[in-house]
Amino acid sequence: VTASLPRFLNIGDRSRLQFDVDNIEGEAGEYKLALDIHGPLAAEADALTRVIRLAAHEKTKVTIPLEANGVGTATLDLDVSGPGFSGPQRFAIGVQSGTPDVYARSIADLGAGQTTKIDDTPLQRFVAGTGALSLSVSPFGAIDAPAVLQALDRYPYGCAEQTTSRALPLLYFDELAKLSGLPEDEAINKRVQDAIYRVLAYQSSSGSFGLWAPGSESLWLDAYVTDFLTRAREKKYDVPEEALVQALQNLQNRIAYDTDIKSRGNEIAYSLYVLARNRKASLSDLRYYADTMLQDFPTPLSKAHLAAALSLYGDAERSSSTFLDAAGMSEQARISKVSFVRSDYGSQLRDSAGVLALAAESRPVPPVVPILAKLVADEWNEKQVLSTQEQTWMLLAARALQQDDAGLKLEVNGGARDGAYAATMPGEALLQSPVTLTNRSNDPVSAAITTVAAPVAAPAAGGNGFDITRTYYTLDGEEANITEAQQNARYVVVLTVTESDDWPAQLMVTDLLPAGFEIDNPSLVDSATLTNFEWIGQTQAAHLEFRSDRFVAALDRQADDNSEITLAYVVRAVSPGTFALPAASVEDMYRPQLSARTAAGNMSVSVAE
């Protein structure tokens, strides 16, 4: 008995499970097929049991209609019995929401003695089973560690920067778990070690690291990955000595002749910090930069890296004054709404969080930490979505601030608690057991409440900073209406993106597939034997992925390049049924507030004639 089933389904999809039954050596007679379904799939009760009569060597097909009615993994247990034969089989289908998760955040300010109740109300407007709520209370309440950890963990892509950003906070998971109310996770060590090996696969013979493959030249990325490897070695992870030595030599070689602080200060300062952490920086160079060129460094984080490097060499006085300058620059940037349009994956919030993290890690701790913590909290309140850079540096800041929660007294569900409190809870748990929180401190506190869940209805087409369209064609070059597709038919999907700005950017274009389609051939149209698509003129992508549920393209856009982006791939209609047609989207990975999407819809695949 061989099963043919969709690779995945989205909520509301209707498809079928087909069994091909071949009586190879069995006796002729009646055979019973009994299917037991567990999880978010439904079928008519009378369809779950079938009795078929087979002659010797006869073949037949059995089809069972299915409907996806929830989110999760459905298991299907099939038992086949007949004359002299009995055999069980198990199959699985993952059911998705079909819409990307939405993050929503609110702050509850609690005065002395005030109480608030947190239940599942914020999650009721989302798809059941997809939602979770995180709660964080601290003197700097807006630094919501559990929500950020959850967001990083759900991020689905893995370039060198993204892999590093997901793994770097996990080096301090024990400390973050205490802060976040998270249970111990025995798999953390393996996840970090796997990340180390993955980023090393992006390292070239010169010691530098490429974003998606060896070969690109980004000194800031080199410093960031080398920082991660340095911290990992400090935590006793297996970091190959030769790889780390090459990475450090690359930083030394690059900054030996790169002295353009005004335009390259971000990269140079970070490299100096990483070298200082490995005791390979020159203290005289650090002092020279701090004394004579500090105002040339272009961002708060670059000044903070210089200050932290001085702290590592014991120059507390220069370190403190440099941190003070970095904090002042962060405050001024927020007041004047300065936008740092640059190529170091940064933002105003990322810089402020990085300054805070480095300052809180330094010894002695500079006096600007409380000011920075308030600044970061205020900046986060103004943002709806965070980049991986912002998330990682927020977590490093939260971890470094743990020692500053003295005097905080709370009451959680009637139980007294000293110090910060954080927890992550699924909607089902909040439905059964809401959380009652009371501030027993003398000073007001802030509770950050973050929900993440899939919306019931897909957002409308639109966006900010981009326009994206998706068009389907037949292999003859004619525009196709895939709302009524034919099984086994092939279609060319063409994605077109235009952007409003012309600054350097790393873009991610994602096209979520309907469950009835699969990517036919992991190659672009111009490499396929299609003679009707010379007009497409595809854009060169830095990275491509052809997953079972999506097409992914990453693009590295240079300054002043605002040409239209065109991408294409081929799909085949494979599973009959009616399916959700999710949206295609584009986003600036490090300015995620700039994104756009097409409309979502529905489509069907009819059985091949």
# chains A, B, ... in the order shown; residues from 1 in each chain; ligands from 1
call {"tool": "residues_around", "arguments": {"residues": "Gln538 in chain A", "least_positions_apart": "6", "cutoff": "8 Å", "atoms": "only C-alpha atoms", "output": "PDB file with all heavy atoms, in the first residue's frame"}}
result
ATOM      1  N   ASP A 526      15.666  31.117 -17.211  1.00  0.00           N
ATOM      2  CA  ASP A 526      16.635  31.301 -18.290  1.00  0.00           C
ATOM      3  C   ASP A 526      17.590  30.116 -18.424  1.00  0.00           C
ATOM      4  O   ASP A 526      18.339  30.041 -19.393  1.00  0.00           O
ATOM      5  CB  ASP A 526      17.426  32.605 -18.114  1.00  0.00           C
ATOM      6  CG  ASP A 526      18.210  32.641 -16.814  1.00  0.00           C
ATOM      7  OD1 ASP A 526      18.231  31.623 -16.098  1.00  0.00           O
ATOM      8  OD2 ASP A 526      18.793  33.687 -16.511  1.00  0.00           O
ATOM      9  N   ILE A 565      13.373  44.602 -10.178  1.00  0.00           N
ATOM     10  CA  ILE A 565      13.820  43.240  -9.869  1.00  0.00           C
ATOM     11  C   ILE A 565      12.825  42.256 -10.479  1.00  0.00           C
ATOM     12  O   ILE A 565      11.614  42.378 -10.276  1.00  0.00           O
ATOM     13  CB  ILE A 565      13.901  43.020  -8.348  1.00  0.00           C
ATOM     14  CG1 ILE A 565      14.951  43.951  -7.728  1.00  0.00           C
ATOM     15  CG2 ILE A 565      14.205  41.563  -8.013  1.00  0.00           C
ATOM     16  CD1 ILE A 565      14.900  43.995  -6.214  1.00  0.00           C
ATOM     17  N   THR A 566      13.335  41.284 -11.222  1.00  0.00           N
ATOM     18  CA  THR A 566      12.478  40.263 -11.817  1.00  0.00           C
ATOM     19  C   THR A 566      13.038  38.885 -11.481  1.00  0.00           C
ATOM     20  O   THR A 566      14.220  38.613 -11.734  1.00  0.00           O
ATOM     21  CB  THR A 566      12.383  40.416 -13.343  1.00  0.00           C
ATOM     22  OG1 THR A 566      11.923  41.735 -13.655  1.00  0.00           O
ATOM     23  CG2 THR A 566      11.419  39.404 -13.933  1.00  0.00           C
ATOM     24  N   LEU A 567      12.192  38.032 -10.927  1.00  0.00           N
ATOM     25  CA  LEU A 567      12.576  36.674 -10.559  1.00  0.00           C
ATOM     26  C   LEU A 567      11.535  35.710 -11.120  1.00  0.00           C
ATOM     27  O   LEU A 567      10.357  36.068 -11.243  1.00  0.00           O
ATOM     28  CB  LEU A 567      12.652  36.515  -9.044  1.00  0.00           C
ATOM     29  CG  LEU A 567      13.650  37.421  -8.323  1.00  0.00           C
ATOM     30  CD1 LEU A 567      13.332  37.474  -6.831  1.00  0.00           C
ATOM     31  CD2 LEU A 567      15.077  36.928  -8.529  1.00  0.00           C
ATOM     32  N   ALA A 568      11.957  34.509 -11.449  1.00  0.00           N
ATOM     33  CA  ALA A 568      11.007  33.542 -12.014  1.00  0.00           C
ATOM     34  C   ALA A 568      11.409  32.126 -11.652  1.00  0.00           C
ATOM     35  O   ALA A 568      12.590  31.825 -11.436  1.00  0.00           O
ATOM     36  CB  ALA A 568      10.936  33.690 -13.526  1.00  0.00           C
TER      37      ALA A 568
END
call {"tool": "select_by_dssp", "arguments": {"residues": "range 17-236 of chain A", "states": "alpha helix (DSSP H)", "output": "number ranges by chain"}}
result
A: 145-154, 160-167, 173-180, 188-200, 219-234
call {"tool": "closest_atom_pairs", "arguments": {"of": "range 371-463 of chain A", "to": "range 97-104 of chain A", "cutoff": "8 Å", "atoms": "only C-alpha atoms", "output": "Markdown table"}}
result
| residue | atom | partner | partner_atom | distance |
| --- | --- | --- | --- | --- |
| A:Gln384 | CA | A:Ala104 | CA | 7.1 |
| A:Val385 | CA | A:Tyr103 | CA | 7.2 |
| A:Thr450 | CA | A:Ala104 | CA | 5.7 |
| A:Thr451 | CA | A:Ala104 | CA | 5.3 |
| A:Val452 | CA | A:Tyr103 | CA | 4.6 |
| A:Ala453 | CA | A:Asp101 | CA | 5.0 |
| A:Ala454 | CA | A:Asp101 | CA | 4.4 |
| A:Pro455 | CA | A:Val102 | CA | 6.8 |
| A:Ala457 | CA | A:Thr99 | CA | 7.9 |
| A:Ala458 | CA | A:Thr99 | CA | 5.8 |
call {"tool": "residues_around", "arguments": {"residues": "Tyr172 in chain A", "least_positions_apart": "4", "cutoff": "10 Å", "atoms": "only C-alpha atoms", "output": "JSON, numbers by chain"}}
result
{"A": [167, 168, 176, 177, 231, 232, 235, 395, 396, 399, 400]}
call {"tool": "residues_around", "arguments": {"residues": "Asn481 in chain A", "least_positions_apart": "3", "cutoff": "8 Å", "atoms": "only C-alpha atoms", "output": "list of chain:residue names"}}
result
A:Tyr472, A:Glu484, A:Ala485
call {"tool": "residues_around", "arguments": {"residues": "His305 in chain A", "least_positions_apart": "5", "cutoff": "9 Å", "atoms": "only C-alpha atoms", "output": "VMD selection string"}}
result
chain A and resid 266 269 to 274 300 310 323 354 to 355 358
call {"tool": "atom_distance", "arguments": {"atom1": "CA of Leu581 in chain A", "atom2": "CA of Ile93 in chain A"}}
result
18.2 Å
call {"tool": "residues_around", "arguments": {"residues": "range 192-199 of chain A", "least_positions_apart": "2", "cutoff": "6 Å", "atoms": "only C-alpha atoms", "output": "list in words"}}
result
Ala160, Ala167, Asn189, Lys190, Ala201 and Tyr202 of chain A
call {"tool": "write_last_selection", "arguments": {"atoms": "all heavy atoms", "output": "CSV table (one decimal), in the first residue's frame"}}
result
chain,number,residue,atom,x,y,z
A,160,ALA,N,24.9,34.2,6.9
A,160,ALA,CA,25.9,34.3,7.9
A,160,ALA,C,25.5,35.2,9.0
A,160,ALA,O,25.7,34.9,10.2
A,160,ALA,CB,27.3,34.8,7.3
A,167,ALA,N,22.3,32.5,17.0
A,167,ALA,CA,23.2,31.7,17.9
A,167,ALA,C,23.9,32.5,19.0
A,167,ALA,O,24.1,32.0,20.1
A,167,ALA,CB,24.2,30.9,17.1
A,189,ASN,N,23.1,23.6,23.2
A,189,ASN,CA,24.5,23.4,22.9
A,189,ASN,C,24.7,22.9,21.5
A,189,ASN,O,25.6,23.4,20.8
A,189,ASN,CB,25.2,22.4,23.9
A,189,ASN,CG,25.3,23.0,25.3
A,189,ASN,OD1,25.2,24.2,25.4
A,189,ASN,ND2,25.6,22.2,26.3
A,190,LYS,N,23.9,22.0,21.0
A,190,LYS,CA,24.0,21.5,19.7
A,190,LYS,C,23.6,22.6,18.7
A,190,LYS,O,24.3,22.7,17.6
A,190,LYS,CB,23.1,20.3,19.5
A,190,LYS,CG,23.2,19.6,18.1
A,190,LYS,CD,22.3,18.4,17.9
A,190,LYS,CE,22.5,17.7,16.6
A,190,LYS,NZ,22.3,18.6,15.4
A,201,ALA,N,31.4,27.6,7.2
A,201,ALA,CA,31.2,27.2,5.8
A,201,ALA,C,31.2,28.4,4.9
A,201,ALA,O,31.4,28.3,3.7
A,201,ALA,CB,30.0,26.4,5.6
A,202,TYR,N,30.9,29.6,5.4
A,202,TYR,CA,30.9,30.9,4.7
A,202,TYR,C,32.3,31.6,4.7
A,202,TYR,O,32.4,32.7,4.1
A,202,TYR,CB,29.9,31.8,5.3
A,202,TYR,CG,28.4,31.4,5.2
A,202,TYR,CD1,27.6,31.5,6.3
A,202,TYR,CD2,27.9,30.8,4.0
A,202,TYR,CE1,26.2,31.1,6.2
A,202,TYR,CE2,26.6,30.4,4.0
A,202,TYR,CZ,25.8,30.5,5.0
A,202,TYR,OH,24.5,30.1,5.0
call {"tool": "closest_residue", "arguments": {"among": "A:Leu200, A:Leu110, A:Ala56, A:Leu251", "to": "Val239 in chain A", "atoms": "only C-alpha atoms"}}
result
A:Leu200
call {"tool": "atom_distance", "arguments": {"atom1": "CA of Pro122 in chain A", "atom2": "CA of Ala447 in chain A"}}
result
14.8 Å
call {"tool": "decode", "arguments": {"residues": "range 417-430 of chain A", "atoms": "all heavy atoms", "output": "PDB file, in the first residue's frame"}}
result
ATOM      1  N   ARG A 417       7.533  37.772  44.620  1.00  0.00           N
ATOM      2  CA  ARG A 417       8.712  37.550  43.788  1.00  0.00           C
ATOM      3  C   ARG A 417       9.597  38.784  43.837  1.00  0.00           C
ATOM      4  O   ARG A 417       9.129  39.905  43.611  1.00  0.00           O
ATOM      5  CB  ARG A 417       8.309  37.253  42.349  1.00  0.00           C
ATOM      6  CG  ARG A 417       9.503  36.985  41.439  1.00  0.00           C
ATOM      7  CD  ARG A 417       9.076  36.774  40.005  1.00  0.00           C
ATOM      8  NE  ARG A 417      10.229  36.536  39.155  1.00  0.00           N
ATOM      9  CZ  ARG A 417      10.718  35.344  38.837  1.00  0.00           C
ATOM     10  NH1 ARG A 417      10.117  34.261  39.312  1.00  0.00           N
ATOM     11  NH2 ARG A 417      11.778  35.217  38.066  1.00  0.00           N
ATOM     12  N   ASP A 418      10.877  38.574  44.127  1.00  0.00           N
ATOM     13  CA  ASP A 418      11.850  39.657  44.132  1.00  0.00           C
ATOM     14  C   ASP A 418      12.606  39.647  42.810  1.00  0.00           C
ATOM     15  O   ASP A 418      13.043  38.595  42.335  1.00  0.00           O
ATOM     16  CB  ASP A 418      12.838  39.490  45.281  1.00  0.00           C
ATOM     17  CG  ASP A 418      12.177  39.703  46.637  1.00  0.00           C
ATOM     18  OD1 ASP A 418      11.132  40.382  46.688  1.00  0.00           O
ATOM     19  OD2 ASP A 418      12.691  39.166  47.637  1.00  0.00           O
ATOM     20  N   GLY A 419      12.786  40.817  42.209  1.00  0.00           N
ATOM     21  CA  GLY A 419      13.541  40.916  40.966  1.00  0.00           C
ATOM     22  C   GLY A 419      12.640  40.821  39.746  1.00  0.00           C
ATOM     23  O   GLY A 419      11.416  40.772  39.835  1.00  0.00           O
ATOM     24  N   ALA A 420      13.278  40.802  38.600  1.00  0.00           N
ATOM     25  CA  ALA A 420      12.561  40.804  37.323  1.00  0.00           C
ATOM     26  C   ALA A 420      11.767  39.512  37.147  1.00  0.00           C
ATOM     27  O   ALA A 420      12.084  38.470  37.719  1.00  0.00           O
ATOM     28  CB  ALA A 420      13.542  40.985  36.173  1.00  0.00           C
ATOM     29  N   TYR A 421      10.730  39.610  36.325  1.00  0.00           N
ATOM     30  CA  TYR A 421       9.895  38.445  36.029  1.00  0.00           C
ATOM     31  C   TYR A 421       9.629  38.398  34.532  1.00  0.00           C
ATOM     32  O   TYR A 421       9.392  39.433  33.898  1.00  0.00           O
ATOM     33  CB  TYR A 421       8.567  38.520  36.775  1.00  0.00           C
ATOM     34  CG  TYR A 421       7.576  37.457  36.359  1.00  0.00           C
ATOM     35  CD1 TYR A 421       7.714  36.149  36.795  1.00  0.00           C
ATOM     36  CD2 TYR A 421       6.523  37.760  35.500  1.00  0.00           C
ATOM     37  CE1 TYR A 421       6.820  35.167  36.399  1.00  0.00           C
ATOM     38  CE2 TYR A 421       5.614  36.791  35.106  1.00  0.00           C
ATOM     39  CZ  TYR A 421       5.766  35.491  35.558  1.00  0.00           C
ATOM     40  OH  TYR A 421       4.888  34.516  35.159  1.00  0.00           O
ATOM     41  N   ALA A 422       9.692  37.194  33.983  1.00  0.00           N
ATOM     42  CA  ALA A 422       9.379  37.026  32.563  1.00  0.00           C
ATOM     43  C   ALA A 422       8.835  35.628  32.346  1.00  0.00           C
ATOM     44  O   ALA A 422       9.191  34.685  33.052  1.00  0.00           O
ATOM     45  CB  ALA A 422      10.623  37.254  31.701  1.00  0.00           C
ATOM     46  N   ALA A 423       7.964  35.500  31.355  1.00  0.00           N
ATOM     47  CA  ALA A 423       7.394  34.198  31.029  1.00  0.00           C
ATOM     48  C   ALA A 423       6.827  34.241  29.627  1.00  0.00           C
ATOM     49  O   ALA A 423       6.443  35.300  29.129  1.00  0.00           O
ATOM     50  CB  ALA A 423       6.307  33.815  32.031  1.00  0.00           C
ATOM     51  N   THR A 424       6.797  33.071  28.986  1.00  0.00           N
ATOM     52  CA  THR A 424       6.148  32.918  27.690  1.00  0.00           C
ATOM     53  C   THR A 424       5.084  31.839  27.815  1.00  0.00           C
ATOM     54  O   THR A 424       5.366  30.751  28.318  1.00  0.00           O
ATOM     55  CB  THR A 424       7.164  32.524  26.600  1.00  0.00           C
ATOM     56  OG1 THR A 424       8.131  33.564  26.479  1.00  0.00           O
ATOM     57  CG2 THR A 424       6.477  32.331  25.259  1.00  0.00           C
ATOM     58  N   MET A 425       3.860  32.148  27.386  1.00  0.00           N
ATOM     59  CA  MET A 425       2.729  31.246  27.607  1.00  0.00           C
ATOM     60  C   MET A 425       1.917  31.101  26.333  1.00  0.00           C
ATOM     61  O   MET A 425       1.607  32.102  25.683  1.00  0.00           O
ATOM     62  CB  MET A 425       1.837  31.799  28.719  1.00  0.00           C
ATOM     63  CG  MET A 425       2.543  31.939  30.062  1.00  0.00           C
ATOM     64  SD  MET A 425       1.831  33.264  31.081  1.00  0.00           S
ATOM     65  CE  MET A 425       2.535  34.719  30.299  1.00  0.00           C
ATOM     66  N   PRO A 426       1.532  29.871  25.957  1.00  0.00           N
ATOM     67  CA  PRO A 426       0.613  29.703  24.832  1.00  0.00           C
ATOM     68  C   PRO A 426      -0.783  30.169  25.212  1.00  0.00           C
ATOM     69  O   PRO A 426      -1.126  30.264  26.399  1.00  0.00           O
ATOM     70  CB  PRO A 426       0.651  28.195  24.569  1.00  0.00           C
ATOM     71  CG  PRO A 426       1.044  27.596  25.873  1.00  0.00           C
ATOM     72  CD  PRO A 426       1.954  28.592  26.533  1.00  0.00           C
ATOM     73  N   GLY A 427      -1.581  30.461  24.189  1.00  0.00           N
ATOM     74  CA  GLY A 427      -2.925  30.963  24.445  1.00  0.00           C
ATOM     75  C   GLY A 427      -3.765  30.009  25.264  1.00  0.00           C
ATOM     76  O   GLY A 427      -4.560  30.431  26.116  1.00  0.00           O
ATOM     77  N   GLU A 428      -3.613  28.688  25.046  1.00  0.00           N
ATOM     78  CA  GLU A 428      -4.397  27.709  25.791  1.00  0.00           C
ATOM     79  C   GLU A 428      -4.122  27.792  27.285  1.00  0.00           C
ATOM     80  O   GLU A 428      -5.030  27.669  28.115  1.00  0.00           O
ATOM     81  CB  GLU A 428      -4.106  26.297  25.288  1.00  0.00           C
ATOM     82  CG  GLU A 428      -4.517  26.038  23.839  1.00  0.00           C
ATOM     83  CD  GLU A 428      -3.484  26.526  22.839  1.00  0.00           C
ATOM     84  OE1 GLU A 428      -2.500  27.158  23.260  1.00  0.00           O
ATOM     85  OE2 GLU A 428      -3.680  26.290  21.633  1.00  0.00           O
ATOM     86  N   ALA A 429      -2.847  28.011  27.646  1.00  0.00           N
ATOM     87  CA  ALA A 429      -2.495  28.112  29.063  1.00  0.00           C
ATOM     88  C   ALA A 429      -3.104  29.353  29.698  1.00  0.00           C
ATOM     89  O   ALA A 429      -3.591  29.311  30.834  1.00  0.00           O
ATOM     90  CB  ALA A 429      -0.971  28.130  29.218  1.00  0.00           C
ATOM     91  N   LEU A 430      -3.106  30.476  28.955  1.00  0.00           N
ATOM     92  CA  LEU A 430      -3.696  31.699  29.495  1.00  0.00           C
ATOM     93  C   LEU A 430      -5.207  31.583  29.625  1.00  0.00           C
ATOM     94  O   LEU A 430      -5.807  32.185  30.517  1.00  0.00           O
ATOM     95  CB  LEU A 430      -3.340  32.884  28.594  1.00  0.00           C
ATOM     96  CG  LEU A 430      -1.904  33.402  28.719  1.00  0.00           C
ATOM     97  CD1 LEU A 430      -1.607  34.387  27.603  1.00  0.00           C
ATOM     98  CD2 LEU A 430      -1.690  34.059  30.075  1.00  0.00           C
TER      99      LEU A 430
END
